[in-house]
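Coordinates as given in upload16.txt (compact mmCIF, C-alpha atoms):
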# COMPACT_ATOMS: atom_id res chain seq x y z
CA MET A 73 -0.18 -34.64 -37.17
CA SER A 74 -1.31 -31.09 -37.86
CA GLN A 75 1.25 -28.34 -38.13
CA ARG A 76 1.12 -25.59 -35.56
CA ASN A 77 1.93 -21.94 -36.11
CA ASP A 78 4.11 -21.42 -33.05
CA SER A 79 3.73 -17.65 -33.20
CA LYS A 80 -0.02 -18.03 -32.67
CA SER A 81 -0.31 -21.26 -30.69
CA ILE A 82 -0.17 -19.70 -27.23
CA LEU A 83 -2.31 -16.61 -26.97
CA PRO A 84 -2.60 -14.58 -23.76
CA SER A 85 -5.90 -14.69 -21.92
CA GLN A 86 -8.24 -11.75 -21.96
CA ARG A 87 -7.92 -11.54 -18.17
CA SER A 88 -4.20 -10.82 -18.53
CA ALA A 89 -4.91 -7.60 -20.47
CA ILE A 90 -4.64 -5.38 -17.40
CA ALA A 91 -2.72 -2.15 -17.02
CA PRO A 92 0.94 -2.30 -15.99
CA PHE A 93 2.05 -1.00 -12.62
CA TYR A 94 3.75 2.16 -13.90
CA VAL A 95 5.87 2.76 -10.82
CA MET A 96 7.76 -0.41 -11.75
CA GLU A 97 8.35 1.06 -15.19
CA VAL A 98 9.81 4.19 -13.58
CA MET A 99 12.05 2.06 -11.36
CA ARG A 100 13.28 0.13 -14.38
CA ALA A 101 14.07 3.32 -16.34
CA ALA A 102 15.87 4.79 -13.33
CA GLU A 103 17.96 1.65 -12.90
CA GLU A 104 18.94 1.72 -16.58
CA LEU A 105 20.18 5.30 -16.20
CA GLU A 106 22.13 4.35 -13.08
CA GLN A 107 23.75 1.44 -14.91
CA ALA A 108 24.80 3.94 -17.58
CA GLY A 109 26.55 6.02 -14.89
CA ARG A 110 23.87 8.59 -14.05
CA SER A 111 23.18 9.70 -10.48
CA ILE A 112 19.49 9.22 -9.72
CA VAL A 113 17.61 10.25 -6.58
CA HIS A 114 14.81 7.76 -5.95
CA LEU A 115 11.55 9.42 -4.94
CA GLU A 116 9.42 6.84 -6.77
CA VAL A 117 10.00 3.78 -4.62
CA GLY A 118 7.20 2.81 -2.24
CA GLN A 119 9.39 0.83 0.10
CA PRO A 120 11.53 1.55 3.16
CA SER A 121 15.18 2.27 2.45
CA THR A 122 16.05 0.77 5.82
CA SER A 123 16.98 -2.86 6.45
CA ALA A 124 14.83 -5.36 8.27
CA PRO A 125 15.18 -5.01 12.06
CA SER A 126 18.35 -6.47 13.58
CA GLY A 127 16.36 -9.03 15.56
CA VAL A 128 14.74 -10.30 12.36
CA LEU A 129 18.13 -10.67 10.67
CA ALA A 130 19.51 -12.57 13.65
CA ALA A 131 16.47 -14.86 13.73
CA ALA A 132 16.80 -15.55 10.01
CA LYS A 133 20.46 -16.46 10.37
CA ALA A 134 19.66 -18.82 13.23
CA ALA A 135 16.81 -20.36 11.23
CA LEU A 136 19.13 -21.14 8.33
CA ASP A 137 21.30 -23.16 10.69
CA GLU A 138 18.64 -24.70 12.90
CA HIS A 139 15.41 -25.15 10.92
CA LYS A 140 14.42 -27.58 8.21
CA LEU A 141 12.47 -24.76 6.50
CA GLY A 142 9.90 -26.97 4.84
CA TYR A 143 6.33 -26.02 4.09
CA THR A 144 4.20 -24.56 6.85
CA ALA A 145 0.45 -24.81 7.24
CA ALA A 146 -1.32 -22.71 4.63
CA LYS A 147 -2.53 -20.28 7.32
CA GLY A 148 1.03 -19.74 8.59
CA THR A 149 2.98 -20.96 11.60
CA PRO A 150 1.14 -20.94 14.94
CA GLU A 151 3.98 -18.90 16.45
CA LEU A 152 3.64 -16.08 13.93
CA ARG A 153 -0.15 -15.99 14.03
CA GLU A 154 -0.06 -15.83 17.83
CA ALA A 155 2.53 -13.04 17.67
CA ILE A 156 0.31 -11.05 15.29
CA ALA A 157 -2.70 -11.56 17.57
CA ALA A 158 -0.62 -10.33 20.53
CA TRP A 159 0.39 -7.29 18.48
CA TYR A 160 -3.24 -6.25 18.10
CA SER A 161 -3.71 -6.63 21.85
CA THR A 162 -0.68 -4.59 22.92
CA ARG A 163 -0.62 -2.02 20.12
CA TYR A 164 -4.31 -1.41 19.51
CA ARG A 165 -6.03 -2.65 22.70
CA CYS A 166 -7.95 -5.04 20.47
CA VAL A 167 -8.61 -8.76 20.97
CA VAL A 168 -8.43 -10.98 17.88
CA SER A 169 -8.13 -14.75 17.77
CA ALA A 170 -5.07 -16.21 16.06
CA ASP A 171 -7.49 -18.57 14.29
CA ARG A 172 -8.74 -15.61 12.24
CA ILE A 173 -5.23 -14.64 11.07
CA ILE A 174 -3.98 -16.01 7.74
CA VAL A 175 -0.35 -15.36 6.80
CA THR A 176 0.13 -14.56 3.10
CA THR A 177 2.85 -14.01 0.53
CA GLY A 178 2.92 -10.26 0.98
CA ALA A 179 -0.19 -8.13 1.12
CA SER A 180 -0.41 -8.80 -2.62
CA GLY A 181 -1.21 -12.40 -1.70
CA SER A 182 -3.84 -11.10 0.71
CA CYS A 183 -5.55 -9.28 -2.14
CA VAL A 184 -5.75 -12.25 -4.48
CA LEU A 185 -6.85 -14.74 -1.82
CA SER A 186 -9.47 -12.43 -0.34
CA PHE A 187 -10.87 -11.31 -3.68
CA LEU A 188 -11.22 -14.91 -4.81
CA ALA A 189 -12.90 -15.91 -1.56
CA MET A 190 -15.28 -12.94 -1.44
CA PHE A 191 -16.34 -12.05 -4.98
CA ASP A 192 -17.64 -13.83 -8.07
CA PRO A 193 -17.23 -12.69 -11.69
CA GLY A 194 -19.64 -9.92 -12.58
CA GLN A 195 -20.10 -8.62 -9.05
CA ARG A 196 -19.55 -4.90 -8.41
CA VAL A 197 -16.72 -3.84 -6.11
CA ALA A 198 -15.82 -0.20 -5.45
CA VAL A 199 -12.32 1.20 -5.08
CA LEU A 200 -11.28 4.73 -4.16
CA GLU A 201 -9.53 6.84 -6.76
CA PRO A 202 -6.75 7.82 -6.33
CA GLY A 203 -5.84 4.48 -4.83
CA TYR A 204 -3.52 1.52 -5.07
CA PRO A 205 -3.82 0.32 -8.70
CA CYS A 206 -3.40 -3.39 -8.01
CA TYR A 207 -6.84 -3.57 -6.34
CA ARG A 208 -8.40 -2.53 -9.62
CA ASN A 209 -6.11 -4.63 -11.79
CA ASP A 210 -6.48 -7.79 -9.69
CA LEU A 211 -10.26 -7.46 -9.60
CA GLN A 212 -10.42 -6.96 -13.35
CA ALA A 213 -8.26 -10.04 -13.91
CA LEU A 214 -10.76 -12.00 -11.80
CA GLY A 215 -13.72 -10.81 -13.88
CA VAL A 216 -15.12 -8.48 -11.21
CA GLU A 217 -16.70 -5.17 -12.24
CA VAL A 218 -14.68 -2.34 -10.71
CA VAL A 219 -16.52 0.82 -9.66
CA SER A 220 -14.30 3.85 -9.06
CA ILE A 221 -15.22 6.47 -6.46
CA PRO A 222 -13.34 9.71 -7.25
CA LEU A 223 -11.82 11.63 -4.33
CA GLY A 224 -10.39 15.13 -4.33
CA HIS A 225 -9.23 18.13 -2.37
CA GLU A 226 -12.79 19.04 -1.36
CA THR A 227 -12.92 16.07 1.05
CA SER A 228 -9.17 15.93 1.76
CA PHE A 229 -9.17 12.73 -0.30
CA ARG A 230 -11.39 10.93 2.22
CA PRO A 231 -14.61 9.18 1.13
CA THR A 232 -18.02 10.36 2.31
CA ILE A 233 -21.17 8.32 2.77
CA ALA A 234 -22.86 10.49 0.14
CA GLN A 235 -20.21 9.43 -2.38
CA LEU A 236 -20.68 5.76 -1.52
CA GLU A 237 -24.42 6.04 -2.01
CA GLN A 238 -24.07 7.64 -5.44
CA VAL A 239 -22.52 4.62 -7.17
CA GLY A 240 -25.48 2.26 -6.92
CA PRO A 241 -25.64 -1.27 -5.48
CA LEU A 242 -22.29 -2.77 -4.53
CA ASP A 243 -21.06 -6.21 -3.50
CA GLY A 244 -17.83 -4.94 -1.99
CA LEU A 245 -15.79 -1.86 -1.05
CA ILE A 246 -12.01 -1.56 -0.61
CA ILE A 247 -10.51 1.31 1.38
CA ALA A 248 -7.03 1.95 2.74
CA THR A 249 -5.75 3.83 5.77
CA PRO A 250 -3.12 5.23 5.63
CA SER A 251 -3.60 5.52 1.89
CA ASN A 252 -1.27 4.96 -1.00
CA PRO A 253 -0.79 7.38 -2.79
CA THR A 254 -2.35 10.20 -0.78
CA GLY A 255 -1.07 9.42 2.72
CA THR A 256 -4.46 10.24 4.20
CA VAL A 257 -5.60 8.53 7.40
CA LEU A 258 -9.25 7.72 8.05
CA SER A 259 -10.34 8.31 11.63
CA GLN A 260 -11.89 5.55 13.69
CA ALA A 261 -15.12 7.53 13.64
CA LEU A 262 -15.16 7.63 9.82
CA LEU A 263 -14.21 3.96 9.59
CA SER A 264 -17.12 3.11 11.90
CA GLU A 265 -19.49 5.22 9.83
CA ILE A 266 -18.37 3.49 6.61
CA TRP A 267 -18.78 0.07 8.24
CA GLN A 268 -22.30 0.91 9.43
CA TRP A 269 -23.22 1.97 5.89
CA ALA A 270 -21.66 -1.21 4.44
CA ASP A 271 -23.45 -3.42 6.96
CA ARG A 272 -26.83 -1.79 6.23
CA ASN A 273 -26.35 -2.29 2.50
CA ALA A 274 -24.86 -5.83 2.60
CA VAL A 275 -21.56 -4.55 1.18
CA ARG A 276 -18.49 -6.59 2.10
CA LEU A 277 -15.81 -4.25 3.43
CA ILE A 278 -12.04 -4.65 3.03
CA VAL A 279 -9.68 -2.28 4.86
CA ASP A 280 -6.03 -2.22 3.79
CA GLU A 281 -3.83 -1.19 6.74
CA ILE A 282 -0.40 -2.07 5.35
CA TYR A 283 0.97 1.38 6.23
CA GLN A 284 -0.41 1.13 9.76
CA GLY A 285 2.19 2.37 12.26
CA ILE A 286 3.61 4.99 9.88
CA THR A 287 1.47 7.89 11.03
CA PHE A 288 2.19 11.44 12.14
CA GLU A 289 0.62 13.93 14.56
CA PRO A 290 -0.74 11.31 17.02
CA ASP A 291 -2.61 14.01 18.99
CA GLU A 292 -4.54 14.91 15.84
CA LEU A 293 -5.35 11.26 15.21
CA THR A 294 -6.75 10.94 18.71
CA GLU A 295 -8.96 13.96 18.13
CA LEU A 296 -10.15 12.41 14.88
CA GLY A 297 -11.58 9.49 16.78
CA ALA A 298 -8.99 6.95 17.96
CA ASN A 299 -10.94 4.74 20.35
CA ASP A 300 -8.17 4.68 22.94
CA PRO A 301 -5.93 7.74 23.36
CA THR A 302 -3.22 5.55 24.91
CA ALA A 303 -3.05 3.38 21.79
CA LYS A 304 -0.52 4.24 19.10
CA SER A 305 -3.18 4.36 16.40
CA HIS A 306 -6.40 2.57 15.52
CA THR A 307 -7.52 -0.37 13.44
CA ALA A 308 -10.67 -1.53 11.70
CA VAL A 309 -10.22 -4.88 13.45
CA SER A 310 -11.69 -3.28 16.59
CA ILE A 311 -14.86 -2.14 14.77
CA SER A 312 -16.31 -5.45 13.60
CA ASP A 313 -15.32 -9.09 13.20
CA ASP A 314 -16.96 -9.01 9.76
CA ILE A 315 -14.45 -6.58 8.21
CA VAL A 316 -11.59 -8.11 6.21
CA VAL A 317 -8.32 -6.38 7.16
CA PHE A 318 -4.99 -6.61 5.33
CA ASN A 319 -1.60 -5.86 6.82
CA SER A 320 2.00 -6.51 5.90
CA PHE A 321 5.55 -6.74 7.17
CA SER A 322 6.71 -4.67 4.18
CA LYS A 323 6.23 -1.09 5.37
CA TYR A 324 6.33 -0.40 9.13
CA PHE A 325 8.36 -3.56 9.74
CA SER A 326 10.74 -2.72 6.87
CA MET A 327 10.66 -6.23 5.38
CA THR A 328 9.52 -5.56 1.81
CA GLY A 329 11.52 -8.27 0.04
CA TRP A 330 10.64 -10.91 2.62
CA ARG A 331 7.17 -11.13 1.02
CA LEU A 332 5.04 -11.55 4.09
CA GLY A 333 1.61 -10.19 4.92
CA TRP A 334 -1.53 -11.26 6.72
CA ILE A 335 -5.31 -11.17 6.64
CA VAL A 336 -7.61 -10.80 9.63
CA ALA A 337 -10.67 -12.59 8.25
CA PRO A 338 -14.23 -13.11 9.45
CA GLU A 339 -14.72 -16.64 10.73
CA ASN A 340 -16.87 -17.68 7.77
CA LEU A 341 -14.07 -16.74 5.32
CA CYS A 342 -11.17 -18.43 7.12
CA GLN A 343 -11.67 -21.88 5.60
CA PRO A 344 -12.35 -20.61 2.05
CA ILE A 345 -9.21 -18.46 2.14
CA GLU A 346 -7.21 -21.33 3.63
CA ARG A 347 -8.37 -23.69 0.88
CA LEU A 348 -7.37 -21.18 -1.78
CA ALA A 349 -3.97 -20.68 -0.15
CA GLN A 350 -3.39 -24.43 -0.03
CA ASN A 351 -3.90 -24.63 -3.78
CA LEU A 352 -2.39 -21.34 -4.97
CA THR A 353 0.69 -20.86 -2.79
CA ILE A 354 0.84 -23.80 -0.31
CA SER A 355 2.29 -21.41 2.25
CA ALA A 356 4.09 -18.09 2.67
CA PRO A 357 7.93 -18.23 2.76
CA THR A 358 8.95 -20.25 5.81
CA LEU A 359 12.21 -18.42 6.53
CA SER A 360 10.33 -15.10 6.53
CA GLN A 361 7.68 -16.47 8.88
CA VAL A 362 10.22 -17.80 11.38
CA ALA A 363 12.20 -14.54 11.35
CA ALA A 364 9.16 -12.24 11.47
CA VAL A 365 8.22 -13.35 14.98
CA ALA A 366 11.24 -11.37 16.19
CA ALA A 367 9.99 -8.17 14.52
CA PHE A 368 7.58 -7.53 17.38
CA ASP A 369 10.54 -7.26 19.76
CA CYS A 370 12.20 -4.53 17.68
CA ILE A 371 9.77 -1.67 18.24
CA ASP A 372 12.40 0.91 19.26
CA GLU A 373 14.23 0.32 15.99
CA LEU A 374 11.02 0.52 13.98
CA GLU A 375 9.89 3.71 15.71
CA ALA A 376 13.28 5.22 14.87
CA ASN A 377 12.48 4.49 11.22
CA VAL A 378 9.19 6.35 11.58
CA GLY A 379 11.12 9.25 13.09
CA ARG A 380 13.33 9.31 10.01
CA TYR A 381 10.27 9.32 7.74
CA ARG A 382 9.01 12.30 9.72
CA GLN A 383 12.27 14.17 9.06
CA SER A 384 12.21 13.26 5.37
CA ARG A 385 8.59 14.36 5.17
CA GLN A 386 9.53 17.79 6.49
CA VAL A 387 12.42 18.10 4.02
CA VAL A 388 10.10 17.29 1.12
CA PHE A 389 7.45 19.67 2.44
CA ASP A 390 9.99 22.50 2.58
CA GLY A 391 11.27 21.66 -0.91
CA LEU A 392 7.79 21.57 -2.40
CA GLN A 393 6.94 24.91 -0.80
CA GLN A 394 10.06 26.42 -2.33
CA ALA A 395 9.12 24.93 -5.70
CA GLY A 396 5.58 26.30 -5.51
CA LEU A 397 4.09 22.80 -5.56
CA THR A 398 1.84 23.39 -2.58
CA LYS A 399 -1.41 21.70 -3.60
CA THR A 400 -1.14 18.29 -1.96
CA ALA A 401 -3.23 15.72 -0.13
CA PRO A 402 -2.69 15.72 3.66
CA PRO A 403 0.20 13.29 4.29
CA ASP A 404 -1.05 12.00 7.64
CA GLY A 405 0.65 8.64 7.23
CA ALA A 406 2.54 6.26 4.93
CA PHE A 407 5.47 8.01 3.19
CA TYR A 408 3.97 9.80 0.22
CA TYR A 409 3.03 13.25 -1.03
CA TRP A 410 0.24 13.27 -3.65
CA ILE A 411 0.90 16.49 -5.55
CA ASP A 412 -1.35 18.38 -7.95
CA VAL A 413 0.95 19.47 -10.80
CA GLY A 414 -1.89 20.39 -13.15
CA GLU A 415 -0.95 24.07 -13.45
CA LEU A 416 2.68 23.21 -14.14
CA CYS A 417 1.65 20.68 -16.77
CA GLU A 418 -0.59 23.23 -18.47
CA GLU A 419 2.23 25.78 -18.44
CA LEU A 420 4.62 23.27 -20.05
CA ASN A 421 1.89 21.75 -22.27
CA ILE A 422 2.59 18.20 -21.09
CA ASP A 423 0.96 15.63 -18.80
CA SER A 424 2.35 14.25 -15.55
CA GLN A 425 3.78 11.16 -17.25
CA THR A 426 5.88 13.26 -19.60
CA LEU A 427 6.79 15.56 -16.71
CA CYS A 428 8.13 12.61 -14.72
CA GLN A 429 10.07 11.39 -17.75
CA ARG A 430 11.71 14.80 -18.05
CA TRP A 431 12.46 15.00 -14.34
CA LEU A 432 14.15 11.61 -14.58
CA THR A 433 16.25 12.25 -17.68
CA GLU A 434 16.96 15.97 -17.21
CA ALA A 435 17.11 16.34 -13.41
CA GLY A 436 18.05 12.84 -12.29
CA VAL A 437 15.01 12.56 -10.02
CA ALA A 438 12.68 9.54 -10.23
CA ILE A 439 9.06 10.40 -9.38
CA THR A 440 5.91 8.39 -10.10
CA PRO A 441 3.23 9.83 -12.41
CA GLY A 442 -0.32 9.78 -11.10
CA VAL A 443 -1.71 7.63 -13.91
CA ASP A 444 -1.03 4.53 -11.83
CA PHE A 445 -3.39 5.63 -9.10
CA ASP A 446 -6.11 7.68 -10.77
CA LEU A 447 -7.52 6.89 -14.22
CA ARG A 448 -9.50 10.14 -14.34
CA ASN A 449 -7.15 12.81 -13.05
CA GLY A 450 -3.78 11.07 -12.71
CA HIS A 451 -2.41 13.03 -15.67
CA ARG A 452 -2.47 16.07 -13.34
CA PHE A 453 -0.80 14.45 -10.30
CA VAL A 454 2.48 12.88 -9.23
CA ARG A 455 3.43 10.80 -6.19
CA VAL A 456 6.62 11.58 -4.29
CA SER A 457 7.91 8.96 -1.87
CA TYR A 458 9.90 10.17 1.15
CA ALA A 459 10.82 6.66 2.30
CA GLY A 460 14.49 7.47 1.80
CA SER A 461 16.86 9.32 4.09
CA PRO A 462 16.57 13.07 4.78
CA ILE A 463 19.85 13.55 2.89
CA GLU A 464 18.42 11.84 -0.19
CA MET A 465 15.27 13.95 0.09
CA GLU A 466 17.38 17.12 0.28
CA GLN A 467 19.25 16.10 -2.88
CA GLY A 468 16.01 15.36 -4.69
CA MET A 469 14.38 18.64 -3.72
CA THR A 470 17.51 20.61 -4.70
CA ARG A 471 17.55 19.00 -8.13
CA LEU A 472 13.82 19.49 -8.59
CA ASN A 473 13.95 23.16 -7.67
CA HIS A 474 16.96 23.72 -9.93
CA TRP A 475 15.09 22.12 -12.85
CA LEU A 476 11.96 24.18 -12.20
CA ALA A 477 13.97 27.39 -12.02
CA ASN A 478 15.49 26.70 -15.43
CA SER A 479 12.58 25.16 -17.29
CA LYS A 480 10.28 28.17 -17.55
As structure tokens, what does this structure read like?
Amino acid sequence: MSQRNDSKSILPSQRSAIAPFYVMEVMRAAEELEQAGRSIVHLEVGQPSTSAPSGVLAAAKAALDEHKLGYTAAKGTPELREAIAAWYSTRYRCVVSADRIIVTTGASGSCVLSFLAMFDPGQRVAVLEPGYPCYRNDLQALGVEVVSIPLGHETSFRPTIAQLEQVGPLDGLIIATPSNPTGTVLSQALLSEIWQWADRNAVRLIVDEIYQGITFEPDELTELGANDPTAKSHTAVSISDDIVVFNSFSKYFSMTGWRLGWIVAPENLCQPIERLAQNLTISAPTLSQVAAVAAFDCIDELEANVGRYRQSRQVVFDGLQQAGLTKTAPPDGAFYYWIDVGELCEELNIDSQTLCQRWLTEAGVAITPGVDFDLRNGHRFVRVSYAGSPIEMEQGMTRLNHWLANSK
């Protein structure tokens, strides 16, 4: 029998050589400081600080006593898929069949399943930059060529058709509204225009709507093109049955750790995605699925959460104004400010990653550097999350302003 060198016997695959998700590194460093006794204000975390709705908690407790909690069908329980379909009808005045809804293990599961079902290695798929880094990283791990479309202040961080046409032939395009990290919302009119372009050019379109419901200035959104002014917001589901749409219970529904999302898929992709789910995950967590049905009966509680985000957003806006950090993307939705700190970095002769490290260790404020979200210009940007309480935001802004006043 040949001898094996154990240190070299198991080598990582080339596909695993993707970038880390730096916000998780910031969270880890912040937690280490807290364990050492430091007080840290968390402005890095992209998750609600509120609990799951009371109805969801009650349903979960009942399920633990009353349900077997075995596997479900790979597409999810019929009850949850019907509840999601009803949500589109009541919330967005949009009819979608429950047969086209596939429940996933978080929206992260939606990404992997959809990408596998839609794209082959070597195909070209565009992502917006700045944008959620896991699109790019997942696609790269699957052998897909990622094409970045840079966005900036000149278009309020919204893509234009001219930009889409400049990158050459594409097999797919991924966009998000509201966006992480910029918080920008794409109007229904712009979404329709992008879909028409994609359809003409045989580009498969994915729209990530996981922050749907966390939007501000509803009158402005209506003016931007919401198809029904009585609807709370708008969705790409109403534009075409051929658009793949992601959503999640993690953000608006405040159920991040329950790991539950969904896909609204074109009919021709439903079986391929279902087959992949059967093999990769079997099913999404059963307890979460049973409990999530109750989330749709907790709208008053969820809207109160959005009201709190609105207050926190104003506190952060005021603090940034006081700090002179006024060059931001328009935070129409989600719970983020995308802040241009380029001038401050030049003044201090550092990049945004070092700036965030100093803010964490010297000011006790955890903020995410922009390198996660923008490979080109992320060294000049940071993302501030206002998902916490207004009191926490006030503490963070006070510490940040104190540090800025004493660092120059």
For this session: Pick out the residues sitting within 12 Å of range 413-429 of chain A, and hand them over as a VMD selection string; count all atoms listed in the file, and ignore anything fewer than 5 positions along from it in its own chain.
Result: chain A and resid 94 to 95 97 to 99 101 to 102 105 115 to 116 392 395 to 400 434 to 444 446 449 to 456 472 475 to 476 479 to 480
Seminar exercise, completed: Closest of A:Phe321, A:Asp314, A:Val167, A:Gly224 to Ala366 in chain A, counting all atoms listed in the file, is A:Phe321
Problem set entry | Atomic distance CA of Gln350 in chain A - CA of Ala145 in chain A, expressed in Å with one decimal | 8.2 Å
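The closest residue to Leu245 in chain A, picked from A:Gly215, A:Gly333, A:Pro231, A:Pro92 and counting all atoms listed in the file, is A:Pro231.
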Exercise. Got a sec: who's within 8 Å of range 122-135 of chain A, counting all atoms listed in the file, leaving out chain neighbours fewer than 4 positions off, as a list in words?
Worked result: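 Answer for this query is His139, Leu141, Phe325, Ser326, Met327, Leu359, Ser360, Val362, Ala363, Ala364, Val365, Ala366, Ala367, Asp369, Cys370, Glu373, Leu374, Asn377 and Gly460 of chain A.
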Exercise. CA of Asn252 in chain A to CA of Ala337 in chain A: how many Å, to one decimal?
Worked result: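 Computing it gives 22.0 Å between the two atoms.
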